[in-house]
Amino acid sequence: MFKYAIVRKPCKALIDGLSEANLGKPDYDKALLQHADYINALNECGLDVKILEALDDYPDSCFVEDVALMTPNCAIITRPGAPSRRGEVEFIKEAVFQFYKKVEEIKGPGLLEAGDIMMVGNHYYIGLSNRTNQEGANQLIAILEKYGMSGSVVEMSEMLHLKTGLGYLENNILLACGEFIRKPEFQSFNMIKINEKQSYSANSVWINGTVLVPKGFPETVKLIKEAGYKIREVDVSEFRKLDGGLSCLSLRF
Ligand code: CIR
């Protein structure tokens with residue numbers, strides 16, 4: 001069960017955020033409304049949400065998931081692979097220290113964005129993407145082992161982040177699309193396969209028994225409902241334009 005979430009309000013520079021989606025620029029006012037509803041959804045799942053102020057110098061700073069990993073035993077400040085995002089870590093530290101006594105950091109030349117990390121119980125899968133390198137993964141695995149947890153790397157080539165195409169719904173149930181469907185390391189999960197057209201909805205998020213699903217993916221909603229979960233749809237169309245999804249917008253712990 002999760003108790004808390006940390007989010008950061010989108011800044012005006014959001015419209016200049018990194019993007020390969022080719023869906024146009026986000027509408028800032030709409031993004032603010034969607035962000036507010038996202039916070040409502042977190043509250044509905046029983047989370048106490050800490051809302052950080054917008055950071056105008058960092059267009060992508062509302063995607064807080066990438067700058068820290070919150071485990072039950074310690075928090076880890078990451079070192080984003082995207083140069084324009086590296087400075088965001090300095091601004092998440094204060095909030096992280098409010099919740100954790102044990103805080104570790106990924107150091108150069110390690111690169112790691114926590115959108116590349118998927119927690120399954122005590123184990124953390126780490127995607128080797130354009131944002132996360134082997135050195136970053138090695139450092140993270142050493143930190144996890146120090147605190148009684150474990151990690152392993154996942155090779156990937158098609159997606160921005162590991163969780164762009166994977167979502168763990170607990171109870172051994174895994175949402176997967178694209179290259180992840182065939183990976184040997186995921187074959188022991190009960191896999192809910194998401195087709196290419198619905199691939200954005202693979203980034204759905206389990207929170208205390210409810211699954212947040214991006215609005216507009218009825219087939220995925222049906223599959224997740226059939227697996228026995230309650231659904232809360234959230235419209236994140238403006239964040240999708242920047243390759244961001246439901247998981248990226250919060251740290252949950
Ligand atoms: C970026 O490219 O870094 C942002 N525009 C999107 C980050 C999405 N974060 C995530 O998947 N964890």
# chains A, B, ... in the order shown; residues from 1 in each chain; ligands from 1
>>> closest_atom_pairs(of="chain A", to="ligand 1", cutoff="10 Å", atoms="only C-alpha atoms and all ligand atoms", output="tab-separated table")
residue	atom	partner	partner_atom_place_in_ligand_line	distance
A:Leu14	CA	ligand 1	5 (N)	8.8
A:Ile15	CA	ligand 1	5 (N)	9.9
A:Asp16	CA	ligand 1	5 (N)	9.0
A:Gly17	CA	ligand 1	5 (N)	5.4
A:Leu18	CA	ligand 1	5 (N)	4.2
A:Ser19	CA	ligand 1	5 (N)	5.2
A:Glu20	CA	ligand 1	2 (O)	7.8
A:Ala21	CA	ligand 1	5 (N)	9.2
A:Pro59	CA	ligand 1	5 (N)	8.2
A:Asp60	CA	ligand 1	4 (C)	5.4
A:Ser61	CA	ligand 1	4 (C)	8.3
A:Cys62	CA	ligand 1	7 (C)	8.7
A:Phe63	CA	ligand 1	9 (N)	5.5
A:Val64	CA	ligand 1	12 (N)	7.8
A:Glu65	CA	ligand 1	12 (N)	5.5
A:Asp66	CA	ligand 1	12 (N)	5.2
A:Val67	CA	ligand 1	12 (N)	8.9
A:Pro80	CA	ligand 1	3 (O)	8.4
A:Gly81	CA	ligand 1	3 (O)	8.7
A:Ala82	CA	ligand 1	3 (O)	6.6
A:Pro83	CA	ligand 1	3 (O)	9.7
A:Ser84	CA	ligand 1	3 (O)	8.7
A:Arg85	CA	ligand 1	3 (O)	7.1
A:Glu113	CA	ligand 1	12 (N)	7.2
A:Ala114	CA	ligand 1	12 (N)	6.4
A:Gly115	CA	ligand 1	12 (N)	3.4
A:Asp116	CA	ligand 1	12 (N)	6.9
A:Ile117	CA	ligand 1	12 (N)	8.8
A:Arg131	CA	ligand 1	3 (O)	8.5
A:Met159	CA	ligand 1	11 (O)	9.4
A:Leu160	CA	ligand 1	11 (O)	6.8
A:His161	CA	ligand 1	11 (O)	5.4
A:Leu162	CA	ligand 1	11 (O)	7.8
A:Lys163	CA	ligand 1	11 (O)	6.3
A:Thr164	CA	ligand 1	11 (O)	5.6
A:Gly165	CA	ligand 1	11 (O)	9.3
A:Asn203	CA	ligand 1	11 (O)	8.3
A:Phe239	CA	ligand 1	6 (C)	7.9
A:Arg240	CA	ligand 1	6 (C)	8.3
A:Lys241	CA	ligand 1	5 (N)	8.2
A:Leu242	CA	ligand 1	5 (N)	4.4
A:Asp243	CA	ligand 1	6 (C)	4.8
A:Gly244	CA	ligand 1	8 (C)	3.9
A:Gly245	CA	ligand 1	11 (O)	6.0
A:Leu246	CA	ligand 1	11 (O)	8.3
A:Ser247	CA	ligand 1	12 (N)	6.3
A:Cys248	CA	ligand 1	12 (N)	3.9
A:Leu249	CA	ligand 1	9 (N)	7.5
A:Ser250	CA	ligand 1	12 (N)	9.0
>>> write_last_selection(atoms="C-alpha atoms", output="PDB file, in the first residue's frame")
ATOM      1  CA  LEU A  14       5.843  23.047 -20.168  1.00  0.00           C
ATOM      2  CA  ILE A  15       4.949  23.817 -23.755  1.00  0.00           C
ATOM      3  CA  ASP A  16       8.663  23.613 -24.593  1.00  0.00           C
ATOM      4  CA  GLY A  17       9.189  20.245 -22.923  1.00  0.00           C
ATOM      5  CA  LEU A  18      11.074  17.394 -24.601  1.00  0.00           C
ATOM      6  CA  SER A  19       8.917  15.511 -27.046  1.00  0.00           C
ATOM      7  CA  GLU A  20       9.055  12.913 -29.758  1.00  0.00           C
ATOM      8  CA  ALA A  21       5.312  12.342 -29.798  1.00  0.00           C
ATOM      9  CA  PRO A  59       9.961  22.529 -18.770  1.00  0.00           C
ATOM     10  CA  ASP A  60       9.717  18.808 -17.897  1.00  0.00           C
ATOM     11  CA  SER A  61       9.832  19.209 -14.129  1.00  0.00           C
ATOM     12  CA  CYS A  62       6.224  18.097 -13.563  1.00  0.00           C
ATOM     13  CA  PHE A  63       7.393  14.580 -14.503  1.00  0.00           C
ATOM     14  CA  VAL A  64       8.735  14.058 -10.992  1.00  0.00           C
ATOM     15  CA  GLU A  65       8.862  10.300 -11.272  1.00  0.00           C
ATOM     16  CA  ASP A  66      12.133  10.516 -13.168  1.00  0.00           C
ATOM     17  CA  VAL A  67      14.198  12.337 -10.559  1.00  0.00           C
ATOM     18  CA  PRO A  80      18.668  12.149 -15.547  1.00  0.00           C
ATOM     19  CA  GLY A  81      20.084  11.241 -18.928  1.00  0.00           C
ATOM     20  CA  ALA A  82      18.365  14.213 -20.539  1.00  0.00           C
ATOM     21  CA  PRO A  83      20.792  17.149 -20.016  1.00  0.00           C
ATOM     22  CA  SER A  84      17.938  19.673 -19.818  1.00  0.00           C
ATOM     23  CA  ARG A  85      16.477  17.719 -16.891  1.00  0.00           C
ATOM     24  CA  GLU A 113      15.701   8.217 -14.833  1.00  0.00           C
ATOM     25  CA  ALA A 114      13.232   6.445 -12.585  1.00  0.00           C
ATOM     26  CA  GLY A 115      10.685   6.154 -15.399  1.00  0.00           C
ATOM     27  CA  ASP A 116      13.020   3.309 -16.351  1.00  0.00           C
ATOM     28  CA  ILE A 117      12.453   1.512 -13.074  1.00  0.00           C
ATOM     29  CA  ARG A 131      18.193   8.033 -20.485  1.00  0.00           C
ATOM     30  CA  MET A 159      10.519   3.152 -26.053  1.00  0.00           C
ATOM     31  CA  LEU A 160      11.450   6.256 -24.096  1.00  0.00           C
ATOM     32  CA  HIS A 161      11.285   4.652 -20.665  1.00  0.00           C
ATOM     33  CA  LEU A 162      10.751   1.125 -19.336  1.00  0.00           C
ATOM     34  CA  LYS A 163       7.377   2.113 -17.915  1.00  0.00           C
ATOM     35  CA  THR A 164       6.326   3.676 -21.196  1.00  0.00           C
ATOM     36  CA  GLY A 165       5.489   0.102 -22.159  1.00  0.00           C
ATOM     37  CA  ASN A 203       1.470   3.196 -18.591  1.00  0.00           C
ATOM     38  CA  PHE A 239       1.155  15.399 -20.983  1.00  0.00           C
ATOM     39  CA  ARG A 240       1.013  12.709 -23.655  1.00  0.00           C
ATOM     40  CA  LYS A 241       2.116  15.368 -26.129  1.00  0.00           C
ATOM     41  CA  LEU A 242       5.415  15.388 -24.195  1.00  0.00           C
ATOM     42  CA  ASP A 243       5.705  11.593 -23.983  1.00  0.00           C
ATOM     43  CA  GLY A 244       4.594  11.750 -20.362  1.00  0.00           C
ATOM     44  CA  GLY A 245       2.094   9.380 -18.837  1.00  0.00           C
ATOM     45  CA  LEU A 246       0.265   8.702 -15.610  1.00  0.00           C
ATOM     46  CA  SER A 247       3.191   7.228 -13.732  1.00  0.00           C
ATOM     47  CA  CYS A 248       5.580  10.067 -14.636  1.00  0.00           C
ATOM     48  CA  LEU A 249       3.485  12.694 -12.898  1.00  0.00           C
ATOM     49  CA  SER A 250       4.040  11.479  -9.345  1.00  0.00           C
TER      50      SER A 250
END
>>> residues_around(residues="segment 86-102 of chain A", least_positions_apart="3", cutoff="12 Å", atoms="only C-alpha atoms", output="ChimeraX atom specification")
/A:3-8,49-83,105-108,110-114,131,143-144,146-147,250-253
>>> closest_residue(among="A:Ala227, A:Thr132, A:Gly216, A:His35", to="Leu169 of chain A", atoms="only C-alpha atoms")
A:Ala227
>>> atom_distance(atom1="atom CA of Thr210 of chain A", atom2="atom CA of Met191 of chain A")
17.8 Å
>>> atom_distance(atom1="atom CA of Val213 of chain A", atom2="atom CA of Leu33 of chain A")
17.0 Å
>>> closest_residue(among="A:Leu212, A:Leu223, A:Leu166, A:Ile173", to="Asp37 of chain A", atoms="only C-alpha atoms")
A:Leu212
>>> residues_around(residues="Ala137 of chain A", least_positions_apart="2", cutoff="9 Å", atoms="only C-alpha atoms", output="PyMOL selection string")
chain A and resi 110-112+126-128+132-135+139-142+151-153
>>> write_last_selection(atoms="N, CA, C and O atoms", output="compact mmCIF listing (two decimals), in the first residue's frame")
# COMPACT_ATOMS: atom_id res chain seq x y z
N GLY A 110 27.22 7.83 -14.07
CA GLY A 110 25.94 7.09 -14.07
C GLY A 110 24.80 7.99 -14.53
O GLY A 110 24.77 9.18 -14.20
N LEU A 111 23.90 7.42 -15.29
CA LEU A 111 22.68 8.13 -15.71
C LEU A 111 21.50 7.23 -15.38
O LEU A 111 21.55 6.02 -15.62
N LEU A 112 20.46 7.83 -14.84
CA LEU A 112 19.30 7.03 -14.47
C LEU A 112 18.08 7.94 -14.38
O LEU A 112 18.14 9.01 -13.78
N ILE A 126 15.27 -2.50 -14.25
CA ILE A 126 15.86 -1.23 -14.68
C ILE A 126 16.07 -1.27 -16.20
O ILE A 126 16.87 -2.07 -16.70
N GLY A 127 15.34 -0.44 -16.92
CA GLY A 127 15.48 -0.41 -18.38
C GLY A 127 16.73 0.36 -18.79
O GLY A 127 16.99 1.45 -18.28
N LEU A 128 17.49 -0.23 -19.71
CA LEU A 128 18.65 0.48 -20.27
C LEU A 128 18.15 1.22 -21.51
O LEU A 128 17.97 0.64 -22.57
N THR A 132 19.03 6.04 -19.37
CA THR A 132 19.59 5.28 -18.25
C THR A 132 20.70 4.38 -18.79
O THR A 132 20.46 3.61 -19.72
N ASN A 133 21.91 4.51 -18.21
CA ASN A 133 23.01 3.67 -18.72
C ASN A 133 23.37 2.57 -17.73
O ASN A 133 22.88 2.51 -16.60
N GLN A 134 24.28 1.70 -18.20
CA GLN A 134 24.67 0.54 -17.39
C GLN A 134 25.29 0.99 -16.06
O GLN A 134 25.01 0.40 -15.01
N GLU A 135 26.09 2.04 -16.11
CA GLU A 135 26.73 2.54 -14.89
C GLU A 135 25.67 3.01 -13.87
O GLU A 135 25.76 2.72 -12.69
N GLN A 139 25.06 1.25 -10.22
CA GLN A 139 25.02 1.99 -8.95
C GLN A 139 23.71 1.72 -8.21
O GLN A 139 23.70 1.51 -7.00
N LEU A 140 22.62 1.73 -8.98
CA LEU A 140 21.32 1.51 -8.32
C LEU A 140 21.25 0.11 -7.72
O LEU A 140 20.79 -0.06 -6.58
N ILE A 141 21.71 -0.89 -8.46
CA ILE A 141 21.66 -2.27 -7.94
C ILE A 141 22.47 -2.38 -6.65
O ILE A 141 22.02 -2.99 -5.67
N ALA A 142 23.65 -1.72 -6.63
CA ALA A 142 24.47 -1.77 -5.41
C ALA A 142 23.73 -1.11 -4.23
O ALA A 142 23.74 -1.63 -3.10
N GLY A 151 17.97 -5.73 -7.94
CA GLY A 151 17.65 -5.10 -9.22
C GLY A 151 18.24 -5.89 -10.37
O GLY A 151 19.21 -6.63 -10.19
N SER A 152 17.66 -5.74 -11.54
CA SER A 152 18.22 -6.37 -12.74
C SER A 152 17.92 -5.48 -13.93
O SER A 152 16.95 -4.72 -13.92
N VAL A 153 18.78 -5.57 -14.95
CA VAL A 153 18.59 -4.69 -16.10
C VAL A 153 17.75 -5.35 -17.19
O VAL A 153 17.72 -6.57 -17.31
>>> closest_residue(among="A:Asn138, A:Gln198, A:Ser150, A:Ser157", to="Val221 of chain A", atoms="only C-alpha atoms")
A:Gln198
>>> atom_distance(atom1="atom CA of Ile194 of chain A", atom2="atom CA of Cys177 of chain A")
4.9 Å
>>> select_by_dssp(residues="segment 18-168 of chain A", states="helix (DSSP H, G or I)", output="ChimeraX atom specification")
/A:28-44,64-67,83-91,93-99,114-116,134-146,162-164
>>> select_by_dssp(residues="segment 175-213 of chain A", states="strand (DSSP E)", output="PyMOL selection string")
chain A and resi 175-177+190-194+205-207+210-213
>>> write_last_selection(atoms="N, CA and C atoms", output="compact mmCIF listing (two decimals), in the first residue's frame")
# COMPACT_ATOMS: atom_id res chain seq x y z
N LEU A 175 0.93 -5.33 -17.20
CA LEU A 175 0.50 -4.76 -18.49
C LEU A 175 1.75 -4.62 -19.34
N ALA A 176 1.69 -5.07 -20.58
CA ALA A 176 2.90 -4.98 -21.41
C ALA A 176 2.53 -4.73 -22.85
N CYS A 177 3.38 -3.99 -23.55
CA CYS A 177 3.18 -3.82 -24.98
C CYS A 177 4.52 -3.87 -25.70
N ASN A 190 1.44 -12.94 -15.15
CA ASN A 190 0.19 -13.01 -15.90
C ASN A 190 0.14 -11.72 -16.71
N MET A 191 0.38 -11.86 -17.99
CA MET A 191 0.57 -10.66 -18.80
C MET A 191 -0.73 -10.22 -19.47
N ILE A 192 -1.07 -8.95 -19.31
CA ILE A 192 -2.17 -8.36 -20.07
C ILE A 192 -1.52 -7.65 -21.25
N LYS A 193 -1.71 -8.19 -22.44
CA LYS A 193 -1.03 -7.64 -23.62
C LYS A 193 -1.82 -6.47 -24.19
N ILE A 194 -1.12 -5.38 -24.39
CA ILE A 194 -1.73 -4.17 -24.92
C ILE A 194 -1.27 -4.00 -26.36
N VAL A 205 -1.41 2.87 -13.79
CA VAL A 205 -0.75 2.82 -12.48
C VAL A 205 -1.64 2.20 -11.41
N TRP A 206 -1.12 1.18 -10.75
CA TRP A 206 -1.83 0.58 -9.61
C TRP A 206 -1.59 1.43 -8.37
N ILE A 207 -2.68 1.86 -7.73
CA ILE A 207 -2.51 2.54 -6.44
C ILE A 207 -3.54 1.99 -5.46
N THR A 210 -6.73 0.35 -6.85
CA THR A 210 -7.37 1.00 -8.00
C THR A 210 -6.31 1.17 -9.09
N VAL A 211 -6.74 1.07 -10.35
CA VAL A 211 -5.77 1.31 -11.43
C VAL A 211 -6.15 2.60 -12.16
N LEU A 212 -5.23 3.54 -12.18
CA LEU A 212 -5.43 4.76 -12.96
C LEU A 212 -5.09 4.42 -14.41
N VAL A 213 -6.03 4.73 -15.30
CA VAL A 213 -5.85 4.43 -16.72
C VAL A 213 -6.04 5.74 -17.49
>>> residues_around(residues="Ala41 of chain A", least_positions_apart="2", cutoff="8 Å", atoms="only C-alpha atoms", output="PDB file with C-alpha atoms, in the first residue's frame")
ATOM      1  CA  ASP A  37      -7.770  16.082 -11.681  1.00  0.00           C
ATOM      2  CA  TYR A  38      -4.754  13.773 -11.475  1.00  0.00           C
ATOM      3  CA  ILE A  39      -4.215  14.993  -7.908  1.00  0.00           C
ATOM      4  CA  ASN A  43      -6.495  11.536  -3.249  1.00  0.00           C
ATOM      5  CA  GLU A  44      -9.342   9.190  -4.158  1.00  0.00           C
ATOM      6  CA  CYS A  45      -6.857   6.303  -3.921  1.00  0.00           C
ATOM      7  CA  LEU A 212      -5.427   4.758 -12.960  1.00  0.00           C
ATOM      8  CA  ARG A 232     -10.165   5.555 -12.411  1.00  0.00           C
ATOM      9  CA  VAL A 234      -7.639  10.340 -15.942  1.00  0.00           C
TER      10      VAL A 234
END
>>> closest_residue(among="A:Glu104, A:Glu158, A:Glu226, A:Glu233", to="Ser199 of chain A", atoms="only C-alpha atoms")
A:Glu158
>>> closest_residue(among="A:Met118, A:Tyr200, A:Asp29, A:Glu170", to="Tyr229 of chain A", atoms="only C-alpha atoms")
A:Glu170
